[in-house]
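Student: Below: one structure in C-alpha cells.
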Amino acid sequence: MRTAAELAEMEPVESDDLTPLARATEFSLSLRSSAARRSPSPRPVATRVFVVANQKGGVGKTTSTVNVAAGLASLGQRVLVIDLDPQGNASTALNIEHRRGVPSTYDALVDGVPLTDVVAPCPDVDGLWVVPATIDLAGAEIELVSVVAREGRLRKAIQGHPWVGTAEAVGEDRFDYVLIDCPPSLGLLTLNALVAGEEMLIPIQAEYYALEGLGQLLETVDMVRAHLNPSLAVSTILLTMYDARTRLAAGVAEEVRDHFGDQVLRTAIPRSVRVSEAPSYAQTVMTYDPGSPGALSYLEAAREIAERGAPQ
C-alpha cells in the first residue's frame with residue numbers, strides 16, 4: 001500500500017485525457033482509499049514528549065500540533081496536548097473551553113497545580129486530552145522570573161502525571177504522546193517546553209523567510225541541550241503550506257531535506273482552505289473534513305511519526 005508521501009513523490013501521468021483537475025481528483029481518491037485501509041499504529045513503549053516550536057509566527061505550528069495529535073489519536077494512540085500559547089488557539093481548535101478562570105497551564109506552571117486537575121478530554125476526538133491555555137498565561141513569564149528552578153516547572157508537572165511513563169510502570173492507560181504547543185517566541189514559556197521535552201517537532205513553511213529564524217532556534221536548542229536538557233533531540237521537521245505549483249516551495253523543501261536529511265518527514269502538508277477553515281468551527285481538519293488533502297496529509301505525517309519511533 002502506498003502512503004500519501006509516496007503518492008506525492010510519483011511523477012504525474014502525462015495524458016491528453018487527464019486535465020489538471022482530473023489528476024488532482026484521482027490523487028485525492030487514491031489518498032482516501034489508502035486512508036480507509038489503514039490499521040492502527042503500534043504504541044510506543046514509553047510516553048514520547050514532543051515540543052512543537054518555531055519562533056517565527058504563521059508557519060502552521062498550532063495547526064500542526066492539533067492535527068498531528070488528532071491524527072495520532074485516530075491511529076489508536078493516547079495523546080495529551082498542552083497549550084502553552086496565551087492566545088489559546090490550540091484549545092479553540094480542539095473545542096476546549098479556555099476563558100479566564102478555567103483550570104489551565106497557568107495554574108500548573110505558576111501555582112504548581114497537578115496536571116490531573118487541569119486536563120480536559122477533547123469532546124470530538126477519542127483518545128485525546130488537552131491542557132488549555134487562558135489569557136492569564138500572558139503574565140506567567142513575569143511571575144516566574146523570581147521562582148526557583150523556573151525553567152523546570154513544566155517538566156515537573158508532566159513527569160508528575162500518573163499517565164506519563166513506560167508501559168511497565170504505567171500500563172495501558174499511559175499517554176503515548178504529549179505534544180506541547182509553544183508560543184511564537186523564545187521566552188520562558190518556550191524554554192519550559194524545551195526543558196520538558198525529549199523530541200522537537202519543527203514546522204517549517206515552504207517559503208524563504210521561514211528558514212531565516214531557524215538558525216536562532218537551533219542555537220537555543222543547543223544551549224538547552226548543553227545546560228538544562230541533554231536528552232532533547234530535533235527528531236521531526238514538517239514542511240507546511242507546501243504549494244507544489246511553485247518552484248520556490250520545491251526549492252525550500254530541497255534545501256531543508258539536504259540540510260536535515262531523515263529528520264524531515266516525507267509527507268509535506270499542502271496549502272488547504274479546509275485546514276484554515278476548521279478552527280473557526282472549533283475543530284481540527286481531521287474532524288471537519290477527514291477526506292480533504294490536508295487531513296489525509298496530517299494523518300500520513302502522524303503515521304510516519306508513530307512508525308519512526310523515538311530516536312535512540
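Identifiers in the C-alpha cells: chain A, B, ... in order shown; residue index from 1 per chain; ligand index from 1 in order shown.
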Might you pull out every residue within 9 Å of region 93-96 of chain A, with only C-alpha atoms counted and same-chain residues fewer than 2 positions away left off, and present them as a count of residues only?
Tutor: 25
Student: So, counting only C-alpha atoms, which residue among A:Arg245, A:Arg308, A:Arg48, A:Arg225 is closest to Gln159 (chain A)?
Tutor: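 Nearest to Gln159 (chain A): A:Arg48.
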Student: Of the candidates A:Asn192, A:Thr220, A:Thr267, A:Gln87, which one gets nearest to Arg303 (chain A) if we count only C-alpha atoms?
Tutor: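 So, comparing all the options, the nearest one is A:Thr267.
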Student: Could you pull out the strand (DSSP E) residues of region 77-209 of chain A from DSSP and send them as a PyMOL selection string?
Tutor: chain A and resi 79-83+120-121+128-131+177-181+199-205
Student: Neighbours of Val119 (chain A) within 12 Å (only C-alpha atoms; same-chain residues fewer than 6 positions away dropped), as a list in words?
Tutor: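 Neighbouring residues, sequence-local ones excluded: Val79, Leu80, Val81, Ile82, Asp83, Ser91, Ile96, Glu97, His98, Val102, Pro103, Ser104, Thr105, Asp107, Ala108, Val113, Leu128, Trp129, Val130, Val131, Pro132, Ala133, Ala157, Ile158, His161 and Trp163 of chain A.
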Student: Select from region 109-258 of chain A everything DSSP, run on the backbone, classes as helix (DSSP H, G or I), then give the selection as a PyMOL selection string.
Tutor: chain A and resi 109-110+115-117+135-144+150-159+167-170+188-196+209-212+214-227+247-258
Student: Export C-alpha atoms of the chosen residues as a short mmCIF file (atom, residue, chain, number, x, y, z; two decimals), in the first residue's frame?
Tutor:
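Contents of out27.cif, as written:
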```cif
data_model
loop_
_atom_site.label_atom_id
_atom_site.label_comp_id
_atom_site.auth_asym_id
_atom_site.auth_seq_id
_atom_site.Cartn_x
_atom_site.Cartn_y
_atom_site.Cartn_z
CA LEU A 109 3.19 26.49 35.86
CA VAL A 110 2.68 29.30 38.35
CA LEU A 115 -1.83 18.33 35.51
CA THR A 116 -4.52 15.85 36.51
CA ASP A 117 -6.55 18.80 37.82
CA ILE A 135 -5.07 34.71 28.75
CA ASP A 136 -3.62 34.54 32.29
CA LEU A 137 -0.65 32.73 30.77
CA ALA A 138 0.46 36.03 29.18
CA GLY A 139 1.69 37.17 32.60
CA ALA A 140 3.30 33.88 33.57
CA GLU A 141 6.75 34.78 32.25
CA ILE A 142 6.90 37.81 34.56
CA GLU A 143 5.54 35.89 37.55
CA LEU A 144 8.02 33.03 37.06
CA ARG A 150 11.53 28.29 36.94
CA GLU A 151 12.65 26.65 33.68
CA GLY A 152 11.78 23.17 35.00
CA ARG A 153 8.19 23.79 36.13
CA LEU A 154 6.54 22.16 33.12
CA ARG A 155 8.88 19.18 33.18
CA LYS A 156 8.00 18.54 36.81
CA ALA A 157 4.28 18.81 36.05
CA ILE A 158 4.45 16.37 33.11
CA GLN A 159 6.57 13.82 34.92
CA ALA A 167 4.32 0.59 29.68
CA GLU A 168 5.82 -1.41 32.52
CA ALA A 169 5.42 1.36 35.10
CA VAL A 170 2.14 2.94 33.98
CA LEU A 188 10.47 31.48 29.37
CA LEU A 189 7.37 29.56 28.27
CA THR A 190 9.17 28.04 25.30
CA LEU A 191 12.21 27.39 27.49
CA ASN A 192 9.99 25.42 29.89
CA ALA A 193 8.79 23.33 26.96
CA LEU A 194 12.34 22.68 25.72
CA VAL A 195 13.41 21.52 29.16
CA ALA A 196 10.33 19.30 29.49
CA TYR A 209 11.52 33.69 5.24
CA ALA A 210 10.72 30.55 7.22
CA LEU A 211 14.37 29.49 7.00
CA GLU A 212 15.80 32.75 8.34
CA LEU A 214 15.65 28.55 12.08
CA GLY A 215 19.31 29.06 12.95
CA GLN A 216 18.44 31.03 16.08
CA LEU A 217 16.01 28.33 17.20
CA LEU A 218 18.63 25.61 16.73
CA GLU A 219 21.20 27.67 18.68
CA THR A 220 18.71 27.90 21.55
CA VAL A 221 18.16 24.14 21.37
CA ASP A 222 21.93 23.57 21.56
CA MET A 223 22.18 25.78 24.67
CA VAL A 224 19.27 23.98 26.33
CA ARG A 225 20.85 20.63 25.48
CA ALA A 226 24.20 21.73 26.91
CA HIS A 227 22.93 23.18 30.18
CA ARG A 247 9.45 26.47 -7.78
CA LEU A 248 10.02 28.37 -4.53
CA ALA A 249 8.29 25.69 -2.44
CA ALA A 250 10.23 22.93 -4.18
CA GLY A 251 13.49 24.83 -3.66
CA VAL A 252 12.85 25.41 0.06
CA ALA A 253 11.85 21.76 0.50
CA GLU A 254 15.02 20.58 -1.23
CA GLU A 255 17.18 22.86 0.90
CA VAL A 256 15.54 21.66 4.12
CA ARG A 257 15.88 17.99 3.12
CA ASP A 258 19.54 18.45 2.11
#
```
Student: Can you tell me how far CA of Leu265 (chain A) sits from CA of Ala53 (chain A), in Å to one decimal?
Tutor: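 These two atoms are separated by 15.9 Å.
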Student: In Å, how far is it from CA of Asp176 (chain A) to CA of Arg43 (chain A)?
Tutor: 6.5 Å
Student: Point out the residue among A:Asp85, A:Glu172, A:Asp126, A:Asp243 with the least atom-to-atom distance to Gly294 (chain A), counting only C-alpha atoms.
Tutor: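 Smallest separation from Gly294 (chain A) among the options: A:Asp243.
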Student: Any idea what's packed within 8 Å of Ala306 (chain A), counting only C-alpha atoms, ignoring anything in its chain fewer than 4 positions away? Could you give it as a ChimeraX atom specification?
Tutor: /A:41-44,72,302
Student: Which residue out of A:Gly76, A:Gly309, A:Gly60, A:Gly165 has the minimum interatomic distance to Tyr242 (chain A) when only C-alpha atoms are used?
Tutor: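 The closest residue to Tyr242 (chain A) is A:Gly60.
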Student: From the options A:Ser292, A:Pro230, A:Gly101, A:Gln77, which residue's atoms come nearest to Asp173 (chain A), counting only C-alpha atoms?
Tutor: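 Smallest distance to Asp173 (chain A) is found for A:Gln77.
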Student: Any idea what the distance is between CA of Leu75 (chain A) and CA of Thr166 (chain A)?
Tutor: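 Straight-line distance from CA of Leu75 (chain A) to CA of Thr166 (chain A) works out to 19.3 Å.
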